[in-house]
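Chemist: File name input_16.txt; file contents compact mmCIF, N, CA and C atoms; full text below.
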```txt
# COMPACT_ATOMS: atom_id res chain seq x y z
N MET E 16 -9.50 4.17 -31.96
CA MET E 16 -8.23 3.74 -31.45
C MET E 16 -8.46 2.53 -30.53
N THR E 17 -7.68 1.48 -30.68
CA THR E 17 -7.80 0.29 -29.84
C THR E 17 -6.44 -0.09 -29.27
N TRP E 18 -6.49 -0.76 -28.13
CA TRP E 18 -5.27 -1.24 -27.49
C TRP E 18 -5.46 -2.71 -27.16
N ASP E 19 -4.40 -3.45 -27.23
CA ASP E 19 -4.51 -4.85 -26.84
C ASP E 19 -4.06 -5.07 -25.41
N ARG E 20 -3.51 -4.03 -24.79
CA ARG E 20 -3.10 -4.11 -23.38
C ARG E 20 -2.95 -2.69 -22.82
N PRO E 21 -2.99 -2.56 -21.51
CA PRO E 21 -2.84 -1.22 -20.91
C PRO E 21 -1.45 -0.65 -21.18
N SER E 22 -1.40 0.62 -21.36
CA SER E 22 -0.13 1.32 -21.56
C SER E 22 0.52 1.61 -20.21
N GLN E 23 1.82 1.39 -20.11
CA GLN E 23 2.52 1.63 -18.84
C GLN E 23 2.57 3.10 -18.47
N ASP E 24 2.37 3.98 -19.43
CA ASP E 24 2.38 5.41 -19.10
C ASP E 24 0.98 5.98 -18.91
N CYS E 25 -0.02 5.11 -18.88
CA CYS E 25 -1.39 5.55 -18.58
C CYS E 25 -1.47 5.92 -17.10
N PRO E 26 -1.96 7.10 -16.75
CA PRO E 26 -2.02 7.51 -15.35
C PRO E 26 -2.79 6.54 -14.45
N VAL E 27 -3.85 5.94 -14.97
CA VAL E 27 -4.62 4.98 -14.17
C VAL E 27 -3.76 3.75 -13.88
N GLU E 28 -3.04 3.27 -14.87
CA GLU E 28 -2.17 2.11 -14.68
C GLU E 28 -1.04 2.42 -13.69
N VAL E 29 -0.51 3.63 -13.74
CA VAL E 29 0.54 4.04 -12.80
C VAL E 29 0.01 4.01 -11.38
N ALA E 30 -1.19 4.56 -11.18
CA ALA E 30 -1.78 4.59 -9.84
C ALA E 30 -2.09 3.18 -9.34
N LEU E 31 -2.65 2.35 -10.21
CA LEU E 31 -2.97 0.98 -9.80
C LEU E 31 -1.71 0.16 -9.51
N ALA E 32 -0.67 0.38 -10.28
CA ALA E 32 0.59 -0.34 -10.03
C ALA E 32 1.16 0.03 -8.67
N ALA E 33 0.96 1.27 -8.25
CA ALA E 33 1.50 1.72 -6.96
C ALA E 33 0.84 1.04 -5.78
N ILE E 34 -0.39 0.56 -5.95
CA ILE E 34 -1.09 -0.08 -4.84
C ILE E 34 -1.31 -1.57 -5.06
N SER E 35 -0.71 -2.09 -6.12
CA SER E 35 -0.95 -3.50 -6.44
C SER E 35 -0.12 -4.42 -5.54
N GLY E 36 -0.53 -5.63 -5.49
CA GLY E 36 0.15 -6.62 -4.67
C GLY E 36 -0.64 -6.86 -3.39
N ARG E 37 -0.70 -8.12 -3.05
CA ARG E 37 -1.44 -8.48 -1.84
C ARG E 37 -0.81 -7.79 -0.64
N TRP E 38 -1.63 -7.22 0.21
CA TRP E 38 -1.25 -6.53 1.44
C TRP E 38 -0.73 -5.11 1.22
N ALA E 39 -0.44 -4.72 0.00
CA ALA E 39 0.14 -3.39 -0.23
C ALA E 39 -0.76 -2.28 0.30
N THR E 40 -2.07 -2.40 0.06
CA THR E 40 -2.97 -1.34 0.51
C THR E 40 -3.00 -1.25 2.03
N LEU E 41 -2.89 -2.39 2.71
CA LEU E 41 -2.90 -2.35 4.18
C LEU E 41 -1.60 -1.79 4.74
N VAL E 42 -0.49 -2.09 4.09
CA VAL E 42 0.78 -1.50 4.51
C VAL E 42 0.72 0.01 4.32
N LEU E 43 0.23 0.44 3.16
CA LEU E 43 0.09 1.88 2.90
C LEU E 43 -0.85 2.53 3.90
N ARG E 44 -1.95 1.84 4.21
CA ARG E 44 -2.90 2.37 5.20
C ARG E 44 -2.21 2.64 6.53
N ASP E 45 -1.42 1.68 6.99
CA ASP E 45 -0.74 1.87 8.27
C ASP E 45 0.28 3.00 8.21
N LEU E 46 0.94 3.16 7.08
CA LEU E 46 1.92 4.23 6.94
C LEU E 46 1.27 5.60 6.77
N MET E 47 -0.02 5.64 6.47
CA MET E 47 -0.74 6.92 6.39
C MET E 47 -0.76 7.61 7.75
N HIS E 48 -0.58 6.83 8.81
CA HIS E 48 -0.60 7.39 10.17
C HIS E 48 0.76 7.87 10.63
N GLY E 49 1.76 7.78 9.77
CA GLY E 49 3.09 8.26 10.11
C GLY E 49 4.12 7.15 10.00
N PRO E 50 5.38 7.50 10.23
CA PRO E 50 6.46 6.51 10.11
C PRO E 50 6.24 5.33 11.05
N ARG E 51 6.63 4.16 10.58
CA ARG E 51 6.50 2.93 11.37
C ARG E 51 7.77 2.09 11.21
N SER E 52 8.10 1.42 12.27
CA SER E 52 9.21 0.45 12.20
C SER E 52 8.66 -0.85 11.63
N PHE E 53 9.55 -1.73 11.25
CA PHE E 53 9.14 -3.03 10.74
C PHE E 53 8.29 -3.75 11.78
N SER E 54 8.73 -3.72 13.03
CA SER E 54 7.99 -4.43 14.08
C SER E 54 6.61 -3.81 14.32
N GLN E 55 6.49 -2.50 14.19
CA GLN E 55 5.18 -1.86 14.33
C GLN E 55 4.25 -2.28 13.19
N LEU E 56 4.79 -2.35 12.00
CA LEU E 56 3.98 -2.80 10.87
C LEU E 56 3.55 -4.25 11.06
N ARG E 57 4.46 -5.09 11.54
CA ARG E 57 4.13 -6.50 11.80
C ARG E 57 3.05 -6.62 12.86
N ALA E 58 3.14 -5.82 13.90
CA ALA E 58 2.14 -5.86 14.98
C ALA E 58 0.77 -5.42 14.47
N GLY E 59 0.75 -4.46 13.57
CA GLY E 59 -0.52 -3.98 13.03
C GLY E 59 -1.14 -4.91 12.01
N LEU E 60 -0.34 -5.81 11.46
CA LEU E 60 -0.81 -6.77 10.47
C LEU E 60 -0.37 -8.18 10.87
N PRO E 61 -0.94 -8.70 11.95
CA PRO E 61 -0.44 -9.96 12.52
C PRO E 61 -0.57 -11.17 11.60
N SER E 62 -1.47 -11.14 10.64
CA SER E 62 -1.63 -12.27 9.71
C SER E 62 -0.61 -12.24 8.58
N LEU E 63 0.12 -11.17 8.48
CA LEU E 63 1.10 -10.99 7.41
C LEU E 63 2.45 -11.54 7.86
N SER E 64 3.03 -12.43 7.09
CA SER E 64 4.33 -13.00 7.45
C SER E 64 5.43 -11.96 7.27
N ALA E 65 6.52 -12.14 7.98
CA ALA E 65 7.66 -11.23 7.87
C ALA E 65 8.21 -11.23 6.45
N LYS E 66 8.21 -12.39 5.83
CA LYS E 66 8.73 -12.50 4.46
C LYS E 66 7.89 -11.67 3.49
N VAL E 67 6.58 -11.80 3.56
CA VAL E 67 5.71 -11.05 2.65
C VAL E 67 5.77 -9.56 2.96
N LEU E 68 5.83 -9.19 4.23
CA LEU E 68 5.96 -7.78 4.59
C LEU E 68 7.24 -7.21 4.00
N THR E 69 8.33 -7.93 4.13
CA THR E 69 9.60 -7.49 3.56
C THR E 69 9.48 -7.30 2.06
N GLU E 70 8.84 -8.25 1.39
CA GLU E 70 8.66 -8.15 -0.06
C GLU E 70 7.81 -6.93 -0.43
N ARG E 71 6.72 -6.71 0.30
CA ARG E 71 5.85 -5.57 0.01
C ARG E 71 6.60 -4.26 0.22
N LEU E 72 7.31 -4.16 1.33
CA LEU E 72 8.05 -2.93 1.62
C LEU E 72 9.12 -2.67 0.55
N GLU E 73 9.83 -3.71 0.14
CA GLU E 73 10.84 -3.55 -0.91
C GLU E 73 10.20 -3.07 -2.20
N SER E 74 9.04 -3.62 -2.54
CA SER E 74 8.34 -3.23 -3.75
C SER E 74 7.87 -1.78 -3.66
N LEU E 75 7.30 -1.40 -2.53
CA LEU E 75 6.81 -0.03 -2.35
C LEU E 75 7.96 0.98 -2.36
N VAL E 76 9.09 0.59 -1.79
CA VAL E 76 10.28 1.46 -1.83
C VAL E 76 10.76 1.59 -3.28
N ALA E 77 10.82 0.47 -4.00
CA ALA E 77 11.28 0.50 -5.39
C ALA E 77 10.37 1.35 -6.27
N GLN E 78 9.08 1.38 -5.95
CA GLN E 78 8.13 2.19 -6.71
C GLN E 78 8.19 3.66 -6.34
N GLY E 79 8.87 3.97 -5.24
CA GLY E 79 9.02 5.36 -4.83
C GLY E 79 7.89 5.91 -3.99
N VAL E 80 7.03 5.04 -3.46
CA VAL E 80 5.93 5.53 -2.63
C VAL E 80 6.21 5.39 -1.14
N VAL E 81 7.24 4.64 -0.79
CA VAL E 81 7.66 4.48 0.60
C VAL E 81 9.17 4.68 0.65
N SER E 82 9.64 5.33 1.72
CA SER E 82 11.08 5.47 1.93
C SER E 82 11.47 4.67 3.17
N CYS E 83 12.71 4.27 3.17
CA CYS E 83 13.26 3.48 4.27
C CYS E 83 14.49 4.19 4.81
N SER E 84 14.53 4.38 6.11
CA SER E 84 15.72 4.99 6.71
C SER E 84 16.19 4.10 7.86
N ARG E 85 17.49 4.03 8.00
CA ARG E 85 18.10 3.22 9.06
C ARG E 85 18.93 4.11 9.95
N SER E 86 18.74 3.96 11.25
CA SER E 86 19.51 4.76 12.19
C SER E 86 20.82 4.04 12.49
N PRO E 87 21.88 4.80 12.70
CA PRO E 87 23.14 4.17 13.04
C PRO E 87 23.10 3.63 14.47
N GLY E 88 24.02 2.77 14.79
CA GLY E 88 24.09 2.23 16.14
C GLY E 88 23.60 0.80 16.20
N PHE E 89 23.55 0.33 17.42
CA PHE E 89 23.10 -1.05 17.64
C PHE E 89 22.02 -1.05 18.69
N PRO E 90 20.90 -1.64 18.48
CA PRO E 90 20.54 -2.26 17.20
C PRO E 90 20.16 -1.20 16.18
N VAL E 91 20.35 -1.55 14.93
CA VAL E 91 19.95 -0.65 13.84
C VAL E 91 18.43 -0.57 13.85
N ARG E 92 17.92 0.63 13.77
CA ARG E 92 16.47 0.82 13.73
C ARG E 92 16.08 1.25 12.31
N THR E 93 15.12 0.55 11.77
CA THR E 93 14.64 0.83 10.41
C THR E 93 13.26 1.44 10.51
N SER E 94 13.06 2.51 9.78
CA SER E 94 11.78 3.20 9.79
C SER E 94 11.30 3.36 8.35
N TYR E 95 10.00 3.15 8.17
CA TYR E 95 9.38 3.30 6.85
C TYR E 95 8.37 4.43 6.94
N GLU E 96 8.31 5.21 5.86
CA GLU E 96 7.30 6.26 5.80
C GLU E 96 6.95 6.55 4.35
N LEU E 97 5.80 7.17 4.17
CA LEU E 97 5.36 7.51 2.82
C LEU E 97 6.22 8.64 2.26
N THR E 98 6.53 8.56 1.00
CA THR E 98 7.17 9.66 0.30
C THR E 98 6.07 10.63 -0.12
N PRO E 99 6.43 11.78 -0.66
CA PRO E 99 5.38 12.67 -1.19
C PRO E 99 4.51 11.96 -2.23
N ALA E 100 5.10 11.11 -3.04
CA ALA E 100 4.31 10.35 -4.02
C ALA E 100 3.36 9.39 -3.29
N GLY E 101 3.80 8.80 -2.20
CA GLY E 101 2.95 7.90 -1.42
C GLY E 101 1.79 8.63 -0.79
N VAL E 102 2.02 9.84 -0.33
CA VAL E 102 0.95 10.64 0.27
C VAL E 102 -0.15 10.92 -0.77
N LEU E 103 0.25 11.05 -2.03
CA LEU E 103 -0.73 11.29 -3.09
C LEU E 103 -1.71 10.13 -3.25
N LEU E 104 -1.35 8.96 -2.75
CA LEU E 104 -2.23 7.80 -2.86
C LEU E 104 -3.38 7.82 -1.86
N ARG E 105 -3.29 8.66 -0.84
CA ARG E 105 -4.33 8.68 0.21
C ARG E 105 -5.74 8.85 -0.34
N PRO E 106 -6.01 9.87 -1.18
CA PRO E 106 -7.39 10.02 -1.68
C PRO E 106 -7.85 8.80 -2.48
N LEU E 107 -6.95 8.18 -3.21
CA LEU E 107 -7.30 6.98 -3.97
C LEU E 107 -7.70 5.85 -3.03
N LEU E 108 -6.94 5.63 -1.98
CA LEU E 108 -7.25 4.57 -1.04
C LEU E 108 -8.55 4.84 -0.28
N VAL E 109 -8.77 6.10 0.08
CA VAL E 109 -10.01 6.46 0.77
C VAL E 109 -11.20 6.20 -0.15
N GLN E 110 -11.08 6.60 -1.41
CA GLN E 110 -12.19 6.39 -2.35
C GLN E 110 -12.40 4.90 -2.63
N LEU E 111 -11.34 4.12 -2.72
CA LEU E 111 -11.48 2.68 -2.90
C LEU E 111 -12.22 2.06 -1.71
N TYR E 112 -11.91 2.53 -0.51
CA TYR E 112 -12.58 2.03 0.69
C TYR E 112 -14.08 2.35 0.63
N ARG E 113 -14.39 3.59 0.30
CA ARG E 113 -15.79 4.01 0.23
C ARG E 113 -16.54 3.23 -0.86
N THR E 114 -15.89 3.04 -1.99
CA THR E 114 -16.51 2.27 -3.07
C THR E 114 -16.74 0.83 -2.63
N GLY E 115 -15.77 0.26 -1.94
CA GLY E 115 -15.93 -1.10 -1.43
C GLY E 115 -17.10 -1.22 -0.46
N GLU E 116 -17.23 -0.24 0.42
CA GLU E 116 -18.38 -0.24 1.35
C GLU E 116 -19.70 -0.19 0.58
N ALA E 117 -19.77 0.67 -0.42
CA ALA E 117 -21.00 0.80 -1.20
C ALA E 117 -21.30 -0.49 -1.96
N LEU E 118 -20.28 -1.10 -2.50
CA LEU E 118 -20.48 -2.37 -3.21
C LEU E 118 -20.93 -3.47 -2.26
N GLN E 119 -20.36 -3.50 -1.06
CA GLN E 119 -20.79 -4.50 -0.08
C GLN E 119 -22.27 -4.34 0.25
N ARG E 120 -22.70 -3.10 0.45
CA ARG E 120 -24.12 -2.84 0.73
C ARG E 120 -24.97 -3.28 -0.45
N GLU E 121 -24.52 -2.97 -1.64
CA GLU E 121 -25.26 -3.33 -2.86
C GLU E 121 -25.37 -4.86 -3.00
N PHE E 122 -24.27 -5.54 -2.74
CA PHE E 122 -24.26 -6.99 -2.89
C PHE E 122 -25.11 -7.69 -1.82
N THR E 123 -25.17 -7.12 -0.62
CA THR E 123 -25.95 -7.76 0.44
C THR E 123 -27.44 -7.50 0.30
N GLN E 124 -27.82 -6.53 -0.52
CA GLN E 124 -29.24 -6.25 -0.76
C GLN E 124 -29.86 -7.26 -1.73
N ASP E 125 -29.03 -7.91 -2.50
CA ASP E 125 -29.56 -8.87 -3.49
C ASP E 125 -30.03 -10.15 -2.86
```
For the file at hand, write its structure as structure tokens.
Modeler:
Amino acid sequence: MTWDRPSQDCPVEVALAAISGRWATLVLRDLMHGPRSFSQLRAGLPSLSAKVLTERLESLVAQGVVSCSRSPGFPVRTSYELTPAGVLLRPLLVQLYRTGEALQREFTQD
């Protein structure tokens, strides 16, 4: 059996799509510690522009791995947190981190 491209219903492709996009893994990492406001996320990722953070959050919400809630009143407070599907990404991100560390060690030995 051969394929000319990855299948969208392949579990590996689903998992990779959930963490794809520049900065997505770092946004998810910060949300692993609990709900965060937009300003808290910005403070934790100072090199990330507000525009790109907004785009990443919208994408993660659309994928169903992050939820967004807004409190009534003024000023409106927006909070982001992982959904149950987002929490499932934790072991994947931890393993990617560990693999990256091992690869860095391997590459620096050469």
Chemist: Just want the 8 Å neighbourhood of Val102 of chain E, counted on all atoms listed in the file, with same-chain residues fewer than 4 positions away dropped. Output as a PyMOL selection string.
Modeler: chain E and resi 47+79-81+96-98+106-107
Chemist: So what do you get for atom CA of Thr123 of chain E versus atom C of Arg44 of chain E, distance-wise?
Modeler: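 Separating atom CA of Thr123 of chain E from atom C of Arg44 of chain E is a distance of 26.6 Å.
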Chemist: What is the distance between atom CA of Arg57 of chain E and atom CA of Gln119 of chain E, in Å to one decimal?
Modeler: 27.7 Å
Chemist: For Val67 of chain E, work out the shell of residues within 8 Å, counting only N, CA and C atoms and skipping chain neighbours fewer than 4 positions away, then give it as a ChimeraX atom specification.
Modeler: /E:37-38,63,71-73
Chemist: Any idea what the distance is between atom CA of Ala117 of chain E and atom C of Cys25 of chain E?
Modeler: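 Value for the atom CA of Ala117 of chain E-atom C of Cys25 of chain E distance: 25.7 Å.
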Chemist: Axis-aligned box over every listed atom of segment 109-121 of chain E, padded by 4 Å per side: centre and edges in Å to one decimal, as JSON?
Modeler:
```
{"center_x": -17.1, "center_y": 0.9, "center_z": -0.9, "size_x": 24.6, "size_y": 19.5, "size_z": 12.6}
```
Chemist: Where in segment 18-117 of chain E does DSSP assign helix (DSSP H, G or I), given as a ChimeraX atom specification?
Modeler: /E:26-34,39-46,53-59,65-78,99-102,105-117
Chemist: Taking only N, CA and C atoms into account, name the residue in E:Gly59, E:Val109, E:Glu70, E:Glu121 that is nearest to Asp45 of chain E.
Modeler: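 Under the stated criterion, the closest residue is E:Gly59.
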Chemist: Under the rule that only C-alpha atoms are counted, which of E:Gly36, E:Gly49, E:Ala58, E:Ser64 is the nearest residue to Ser82 of chain E?
Modeler: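 That would be E:Gly49, the residue with the smallest distance to Ser82 of chain E.
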Chemist: Starting from the incomplete input, reconstruct N, CA, C and O atoms of segment 52-74 of chain E and write that as a PDB file, keeping the file's coordinate frame.
Modeler:
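Dumped everything to rebuild-v6.pdb:
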```pdb
ATOM      1  N   SER E  52       8.100   1.420  12.270  1.00  0.00           N
ATOM      2  CA  SER E  52       9.210   0.450  12.200  1.00  0.00           C
ATOM      3  C   SER E  52       8.660  -0.850  11.630  1.00  0.00           C
ATOM      4  O   SER E  52       7.439  -1.047  11.560  1.00  0.00           O
ATOM      5  N   PHE E  53       9.550  -1.730  11.250  1.00  0.00           N
ATOM      6  CA  PHE E  53       9.140  -3.030  10.740  1.00  0.00           C
ATOM      7  C   PHE E  53       8.290  -3.750  11.780  1.00  0.00           C
ATOM      8  O   PHE E  53       7.238  -4.298  11.454  1.00  0.00           O
ATOM      9  N   SER E  54       8.730  -3.720  13.030  1.00  0.00           N
ATOM     10  CA  SER E  54       7.990  -4.430  14.080  1.00  0.00           C
ATOM     11  C   SER E  54       6.610  -3.810  14.320  1.00  0.00           C
ATOM     12  O   SER E  54       5.646  -4.521  14.606  1.00  0.00           O
ATOM     13  N   GLN E  55       6.490  -2.500  14.190  1.00  0.00           N
ATOM     14  CA  GLN E  55       5.180  -1.860  14.330  1.00  0.00           C
ATOM     15  C   GLN E  55       4.250  -2.280  13.190  1.00  0.00           C
ATOM     16  O   GLN E  55       3.059  -2.524  13.425  1.00  0.00           O
ATOM     17  N   LEU E  56       4.790  -2.350  12.000  1.00  0.00           N
ATOM     18  CA  LEU E  56       3.980  -2.800  10.870  1.00  0.00           C
ATOM     19  C   LEU E  56       3.550  -4.250  11.060  1.00  0.00           C
ATOM     20  O   LEU E  56       2.408  -4.608  10.812  1.00  0.00           O
ATOM     21  N   ARG E  57       4.460  -5.090  11.540  1.00  0.00           N
ATOM     22  CA  ARG E  57       4.130  -6.500  11.800  1.00  0.00           C
ATOM     23  C   ARG E  57       3.050  -6.620  12.860  1.00  0.00           C
ATOM     24  O   ARG E  57       2.119  -7.420  12.736  1.00  0.00           O
ATOM     25  N   ALA E  58       3.140  -5.820  13.900  1.00  0.00           N
ATOM     26  CA  ALA E  58       2.140  -5.860  14.980  1.00  0.00           C
ATOM     27  C   ALA E  58       0.770  -5.420  14.470  1.00  0.00           C
ATOM     28  O   ALA E  58      -0.257  -5.951  14.895  1.00  0.00           O
ATOM     29  N   GLY E  59       0.750  -4.460  13.570  1.00  0.00           N
ATOM     30  CA  GLY E  59      -0.520  -3.980  13.030  1.00  0.00           C
ATOM     31  C   GLY E  59      -1.140  -4.910  12.010  1.00  0.00           C
ATOM     32  O   GLY E  59      -2.325  -4.802  11.708  1.00  0.00           O
ATOM     33  N   LEU E  60      -0.340  -5.810  11.460  1.00  0.00           N
ATOM     34  CA  LEU E  60      -0.810  -6.770  10.470  1.00  0.00           C
ATOM     35  C   LEU E  60      -0.370  -8.180  10.870  1.00  0.00           C
ATOM     36  O   LEU E  60       0.466  -8.796  10.233  1.00  0.00           O
ATOM     37  N   PRO E  61      -0.940  -8.700  11.950  1.00  0.00           N
ATOM     38  CA  PRO E  61      -0.440  -9.960  12.520  1.00  0.00           C
ATOM     39  C   PRO E  61      -0.570 -11.170  11.600  1.00  0.00           C
ATOM     40  O   PRO E  61       0.174 -12.133  11.742  1.00  0.00           O
ATOM     41  N   SER E  62      -1.470 -11.140  10.640  1.00  0.00           N
ATOM     42  CA  SER E  62      -1.630 -12.270   9.710  1.00  0.00           C
ATOM     43  C   SER E  62      -0.610 -12.240   8.580  1.00  0.00           C
ATOM     44  O   SER E  62      -0.498 -13.199   7.822  1.00  0.00           O
ATOM     45  N   LEU E  63       0.120 -11.170   8.480  1.00  0.00           N
ATOM     46  CA  LEU E  63       1.100 -10.990   7.410  1.00  0.00           C
ATOM     47  C   LEU E  63       2.450 -11.540   7.860  1.00  0.00           C
ATOM     48  O   LEU E  63       2.972 -11.147   8.913  1.00  0.00           O
ATOM     49  N   SER E  64       3.030 -12.430   7.090  1.00  0.00           N
ATOM     50  CA  SER E  64       4.330 -13.000   7.450  1.00  0.00           C
ATOM     51  C   SER E  64       5.430 -11.960   7.270  1.00  0.00           C
ATOM     52  O   SER E  64       5.304 -11.017   6.474  1.00  0.00           O
ATOM     53  N   ALA E  65       6.520 -12.140   7.980  1.00  0.00           N
ATOM     54  CA  ALA E  65       7.660 -11.230   7.870  1.00  0.00           C
ATOM     55  C   ALA E  65       8.210 -11.230   6.450  1.00  0.00           C
ATOM     56  O   ALA E  65       8.604 -10.187   5.925  1.00  0.00           O
ATOM     57  N   LYS E  66       8.210 -12.390   5.830  1.00  0.00           N
ATOM     58  CA  LYS E  66       8.730 -12.500   4.460  1.00  0.00           C
ATOM     59  C   LYS E  66       7.890 -11.670   3.490  1.00  0.00           C
ATOM     60  O   LYS E  66       8.438 -10.908   2.676  1.00  0.00           O
ATOM     61  N   VAL E  67       6.580 -11.800   3.560  1.00  0.00           N
ATOM     62  CA  VAL E  67       5.710 -11.050   2.650  1.00  0.00           C
ATOM     63  C   VAL E  67       5.770  -9.560   2.960  1.00  0.00           C
ATOM     64  O   VAL E  67       5.798  -8.726   2.048  1.00  0.00           O
ATOM     65  N   LEU E  68       5.830  -9.190   4.230  1.00  0.00           N
ATOM     66  CA  LEU E  68       5.960  -7.780   4.590  1.00  0.00           C
ATOM     67  C   LEU E  68       7.240  -7.210   4.000  1.00  0.00           C
ATOM     68  O   LEU E  68       7.245  -6.118   3.431  1.00  0.00           O
ATOM     69  N   THR E  69       8.330  -7.930   4.130  1.00  0.00           N
ATOM     70  CA  THR E  69       9.600  -7.490   3.560  1.00  0.00           C
ATOM     71  C   THR E  69       9.480  -7.300   2.060  1.00  0.00           C
ATOM     72  O   THR E  69       9.924  -6.279   1.514  1.00  0.00           O
ATOM     73  N   GLU E  70       8.840  -8.250   1.390  1.00  0.00           N
ATOM     74  CA  GLU E  70       8.660  -8.150  -0.060  1.00  0.00           C
ATOM     75  C   GLU E  70       7.810  -6.930  -0.430  1.00  0.00           C
ATOM     76  O   GLU E  70       8.141  -6.199  -1.365  1.00  0.00           O
ATOM     77  N   ARG E  71       6.720  -6.710   0.300  1.00  0.00           N
ATOM     78  CA  ARG E  71       5.850  -5.570   0.010  1.00  0.00           C
ATOM     79  C   ARG E  71       6.600  -4.260   0.220  1.00  0.00           C
ATOM     80  O   ARG E  71       6.491  -3.338  -0.571  1.00  0.00           O
ATOM     81  N   LEU E  72       7.310  -4.160   1.330  1.00  0.00           N
ATOM     82  CA  LEU E  72       8.050  -2.930   1.620  1.00  0.00           C
ATOM     83  C   LEU E  72       9.120  -2.670   0.550  1.00  0.00           C
ATOM     84  O   LEU E  72       9.270  -1.538   0.080  1.00  0.00           O
ATOM     85  N   GLU E  73       9.830  -3.710   0.140  1.00  0.00           N
ATOM     86  CA  GLU E  73      10.840  -3.550  -0.910  1.00  0.00           C
ATOM     87  C   GLU E  73      10.200  -3.070  -2.200  1.00  0.00           C
ATOM     88  O   GLU E  73      10.728  -2.190  -2.890  1.00  0.00           O
ATOM     89  N   SER E  74       9.040  -3.620  -2.540  1.00  0.00           N
ATOM     90  CA  SER E  74       8.340  -3.230  -3.750  1.00  0.00           C
ATOM     91  C   SER E  74       7.870  -1.780  -3.660  1.00  0.00           C
ATOM     92  O   SER E  74       8.030  -1.004  -4.608  1.00  0.00           O
TER      93      SER E  74
END
```
